[in-house]
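Q: The structure is given below, and queries will be raised subsequently.
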Amino acid sequence: MIVVDSSVWIDHFNGAVTRETEILDMLLGVEPIVIGGLILAEVLQGFRNDRDFRRARAALDTLIFEPMTSRDVALASARNFRALRARGITVRKTIDMLIATFCMERRHLLLHSDRDFDPIADHLGLETV
């Protein structure tokens, strides 16, 4: 299954044409896409008017919802953060580490356009689209 990060959803809803939004457009309705509460909150909090918020929510409600945080994911995320930091790499956002760890634990692919995921893929085995 594929998790689509908020970085891609935000571009998608803003009408930006990027490599990642084009991949998302190809995947929608064809491949199972997972969304979790962390990504759902990040995406929906950015809408300024109710109409756009409702439309985006309706679209996101069609995806497979999986809770992304648990005690096990939180502990694994902390271990992953520390492993990268020991190599001199600091991931700037805790939420990105949680999302990446969730994907690695569940063996989901991640579609993203956020450079913070690159060292996680390079050093910890996060699989990306």
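Chain lettering (A, B, ...) mirrors the order of the structure tokens, residue numbering begins at 1 for each chain separately, and ligand numbering begins at 1 in order of display.
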Considering only C-alpha atoms, tabulate each residue of region 26-89 of chain A that lies at most 8 Å from region 98-116 of chain A along with its nearest interatomic pair and the corresponding distance in Å to one decimal; arrange the rows by chain and ascending residue number and present them as a tab-separated table.
A:
residue	atom	partner	partner_atom	distance
A:Leu38	CA	A:Ile99	CA	7.7
A:Met68	CA	A:Phe102	CA	5.9
A:Thr69	CA	A:Leu98	CA	7.2
A:Val73	CA	A:Phe102	CA	6.2
A:Ala74	CA	A:Leu98	CA	6.8
A:Ala76	CA	A:Thr101	CA	6.7
A:Ser77	CA	A:Thr101	CA	5.5
A:Asn80	CA	A:Thr101	CA	7.5
Q: Could you name the residues that touch Leu28 (chain A) at 10 Å or less, counting only C-alpha atoms, but leaving out those on the same chain fewer than 5 positions away, as a VMD selection string?
A: chain A and resid 23 33 63
Q: Selected residues, all heavy atoms, written as a compact mmCIF listing (two decimals), in the first residue's frame, please.
A:
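Generated output (selection.txt):
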# COMPACT_ATOMS: atom_id res chain seq x y z
N ILE A 23 2.17 11.44 -10.22
CA ILE A 23 2.12 10.05 -9.74
C ILE A 23 0.84 9.83 -8.93
O ILE A 23 0.15 8.82 -9.12
CB ILE A 23 3.38 9.70 -8.91
CG1 ILE A 23 4.61 9.69 -9.81
CG2 ILE A 23 3.20 8.36 -8.20
CD1 ILE A 23 5.93 9.59 -9.05
N ILE A 33 -4.57 3.60 -1.33
CA ILE A 33 -3.83 4.69 -0.70
C ILE A 33 -4.26 4.79 0.75
O ILE A 33 -5.46 4.83 1.06
CB ILE A 33 -4.05 6.02 -1.45
CG1 ILE A 33 -3.50 5.91 -2.87
CG2 ILE A 33 -3.40 7.17 -0.70
CD1 ILE A 33 -3.72 7.12 -3.73
N LEU A 63 -10.18 7.32 1.20
CA LEU A 63 -8.94 6.57 1.33
C LEU A 63 -9.01 5.60 2.51
O LEU A 63 -9.91 5.70 3.34
CB LEU A 63 -7.77 7.54 1.51
CG LEU A 63 -7.63 8.62 0.45
CD1 LEU A 63 -6.51 9.57 0.82
CD2 LEU A 63 -7.41 8.01 -0.92
Q: For Glu31 (chain A), work out the shell of residues within 12 Å, counting only C-alpha atoms and skipping chain neighbours fewer than 5 positions away, then give it as a VMD selection string.
A: chain A and resid 1 to 4 23 to 26 63 to 64 109
Q: Pull N, CA, C and O atoms from the residues just selected and write them as a compact mmCIF listing (two decimals), in the first residue's frame.
A:
# COMPACT_ATOMS: atom_id res chain seq x y z
N MET A 1 0.84 -1.18 0.00
CA MET A 1 0.00 0.00 0.00
C MET A 1 0.88 1.24 0.00
O MET A 1 2.05 1.18 0.35
N ILE A 2 0.29 2.34 -0.35
CA ILE A 2 1.04 3.58 -0.51
C ILE A 2 0.47 4.64 0.43
O ILE A 2 -0.75 4.86 0.48
N VAL A 3 1.35 5.29 1.16
CA VAL A 3 1.00 6.45 1.98
C VAL A 3 1.44 7.68 1.21
O VAL A 3 2.56 7.73 0.70
N VAL A 4 0.55 8.65 1.10
CA VAL A 4 0.88 9.91 0.42
C VAL A 4 1.04 10.99 1.49
O VAL A 4 0.12 11.26 2.26
N ILE A 23 2.17 11.44 -10.22
CA ILE A 23 2.12 10.05 -9.74
C ILE A 23 0.84 9.83 -8.93
O ILE A 23 0.15 8.82 -9.12
N LEU A 24 0.52 10.76 -8.06
CA LEU A 24 -0.71 10.64 -7.26
C LEU A 24 -1.92 10.54 -8.16
O LEU A 24 -2.80 9.69 -7.95
N ASP A 25 -1.99 11.39 -9.17
CA ASP A 25 -3.13 11.35 -10.10
C ASP A 25 -3.25 9.98 -10.77
O ASP A 25 -4.36 9.49 -10.98
N MET A 26 -2.12 9.36 -11.08
CA MET A 26 -2.15 8.03 -11.71
C MET A 26 -2.59 6.95 -10.71
O MET A 26 -3.21 5.97 -11.10
N LEU A 63 -10.18 7.32 1.20
CA LEU A 63 -8.94 6.57 1.33
C LEU A 63 -9.01 5.60 2.51
O LEU A 63 -9.91 5.70 3.34
N ILE A 64 -8.06 4.70 2.58
CA ILE A 64 -7.96 3.75 3.69
C ILE A 64 -7.35 4.48 4.87
O ILE A 64 -6.24 5.02 4.77
N LEU A 109 4.79 1.92 1.10
CA LEU A 109 5.60 2.86 0.34
C LEU A 109 5.16 4.27 0.68
O LEU A 109 3.99 4.50 0.99
Q: Run DSSP on the backbone and grab whatever in chain A lands in strand (DSSP E); send it over as a PyMOL selection string.
A: chain A and resi 2-4+33-35+64-65+109-111
Q: For Thr62 (chain A), list every protein, DNA or RNA residue within 10 Å, evaluated using only C-alpha atoms, and leave out those in the same chain fewer than 3 positions away; present the list as a list in words.
A: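 The contact residues come out as Gly29, Ile33, Val34, Ile35, Arg57, Ala58, Ala59 and Phe65 of chain A.
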Q: Output all heavy atoms for every residue in the selection just made, as a compact mmCIF listing (two decimals), in the first residue's frame.
A:
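Listed below is the output, part-v7.txt:
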# COMPACT_ATOMS: atom_id res chain seq x y z
N GLY A 29 -7.68 5.85 -7.38
CA GLY A 29 -8.68 4.97 -7.95
C GLY A 29 -8.11 3.69 -8.53
O GLY A 29 -8.87 2.84 -8.98
N ILE A 33 -4.57 3.60 -1.33
CA ILE A 33 -3.83 4.69 -0.70
C ILE A 33 -4.26 4.79 0.75
O ILE A 33 -5.46 4.83 1.06
CB ILE A 33 -4.05 6.02 -1.45
CG1 ILE A 33 -3.50 5.91 -2.87
CG2 ILE A 33 -3.40 7.17 -0.70
CD1 ILE A 33 -3.72 7.12 -3.73
N VAL A 34 -3.27 4.86 1.62
CA VAL A 34 -3.49 4.93 3.05
C VAL A 34 -3.29 6.37 3.51
O VAL A 34 -2.38 7.06 3.04
CB VAL A 34 -2.50 4.01 3.81
CG1 VAL A 34 -2.60 4.21 5.30
CG2 VAL A 34 -2.73 2.56 3.42
N ILE A 35 -4.15 6.80 4.43
CA ILE A 35 -3.96 8.09 5.09
C ILE A 35 -4.12 7.86 6.58
O ILE A 35 -4.90 7.02 7.01
CB ILE A 35 -4.93 9.17 4.56
CG1 ILE A 35 -4.51 10.54 5.06
CG2 ILE A 35 -6.38 8.83 4.93
CD1 ILE A 35 -5.13 11.69 4.30
N ARG A 57 -11.98 17.08 2.47
CA ARG A 57 -12.31 16.04 3.44
C ARG A 57 -13.06 14.90 2.77
O ARG A 57 -12.78 13.72 3.03
CB ARG A 57 -13.12 16.60 4.59
CG ARG A 57 -13.43 15.51 5.59
CD ARG A 57 -14.13 15.95 6.80
NE ARG A 57 -14.49 14.74 7.54
CZ ARG A 57 -15.34 14.72 8.51
NH1 ARG A 57 -15.93 15.83 8.90
NH2 ARG A 57 -15.62 13.59 9.13
N ALA A 58 -14.01 15.22 1.92
CA ALA A 58 -14.77 14.18 1.22
C ALA A 58 -13.84 13.32 0.37
O ALA A 58 -13.98 12.09 0.33
CB ALA A 58 -15.87 14.82 0.36
N ALA A 59 -12.89 13.94 -0.30
CA ALA A 59 -11.95 13.18 -1.12
C ALA A 59 -11.05 12.30 -0.25
O ALA A 59 -10.84 11.12 -0.55
CB ALA A 59 -11.09 14.14 -1.96
N PHE A 65 -8.07 4.51 5.98
CA PHE A 65 -7.56 5.19 7.17
C PHE A 65 -6.89 4.18 8.09
O PHE A 65 -7.46 3.14 8.41
CB PHE A 65 -8.67 5.91 7.94
CG PHE A 65 -8.15 6.70 9.10
CD1 PHE A 65 -7.73 7.99 8.93
CD2 PHE A 65 -8.06 6.11 10.36
CE1 PHE A 65 -7.21 8.71 10.00
CE2 PHE A 65 -7.55 6.82 11.43
CZ PHE A 65 -7.12 8.12 11.26
Q: From a backbone DSSP assignment, name each residue in chain A labelled alpha helix (DSSP H), as JSON, numbers by chain.
A: {"A": [6, 7, 8, 9, 10, 11, 12, 13, 19, 20, 21, 22, 23, 24, 25, 26, 27, 37, 38, 39, 40, 41, 42, 43, 44, 50, 51, 52, 53, 54, 55, 56, 57, 58, 59, 60, 71, 72, 73, 74, 75, 76, 77, 78, 79, 80, 81, 82, 83, 84, 85, 86, 94, 95, 96, 97, 98, 99, 100, 101, 102, 103, 104, 105, 106, 118, 119, 120, 121, 122, 123, 124]}
Q: If I take CA of Leu84 (chain A) and CA of Gly36 (chain A), how far is one from the other in Å, to one decimal?
A: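 We find that CA of Leu84 (chain A) and CA of Gly36 (chain A) lie 23.9 Å from each other.
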Q: Tell me, as a PyMOL selection string, which residues lie within 7 Å of Ile39 (chain A), counting only C-alpha atoms; anything in the same chain fewer than 4 positions away does not count.
A: chain A and resi 5-6+35+43
Q: Write the selection just made, keeping C-alpha atoms, as a PDB file, in the first residue's frame?
A:
ATOM      1  CA  ASP A   5       2.527  12.583   2.548  1.00  0.00           C
ATOM      2  CA  SER A   6       0.899  15.936   3.192  1.00  0.00           C
ATOM      3  CA  ILE A  35      -3.960   8.089   5.089  1.00  0.00           C
ATOM      4  CA  VAL A  43      -3.632  18.674   5.059  1.00  0.00           C
TER       5      VAL A  43
END
Q: Just how far from CA of Val8 (chain A) is CA of Arg48 (chain A), in Å to one decimal?
A: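 The value is 18.2 Å.
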Q: Go through A:Ala121, A:Ile10, A:Ala86, A:Leu75 and flag the residue nearest Glu42 (chain A), using only C-alpha atoms for the distances.
A: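 Answer, going by the shortest atom-to-atom distance: A:Ile10.
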Q: When you count only C-alpha atoms, which of these residues is closest to Ile95 (chain A): A:Pro119, A:Gly37, A:Gly15, A:Gly125?
A: A:Gly37
Q: Please, what distance in Å, to one decimal, runs between CA of Phe53 (chain A) and CA of Ala41 (chain A)?
A: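 Between CA of Phe53 (chain A) and CA of Ala41 (chain A) the gap is 11.4 Å.
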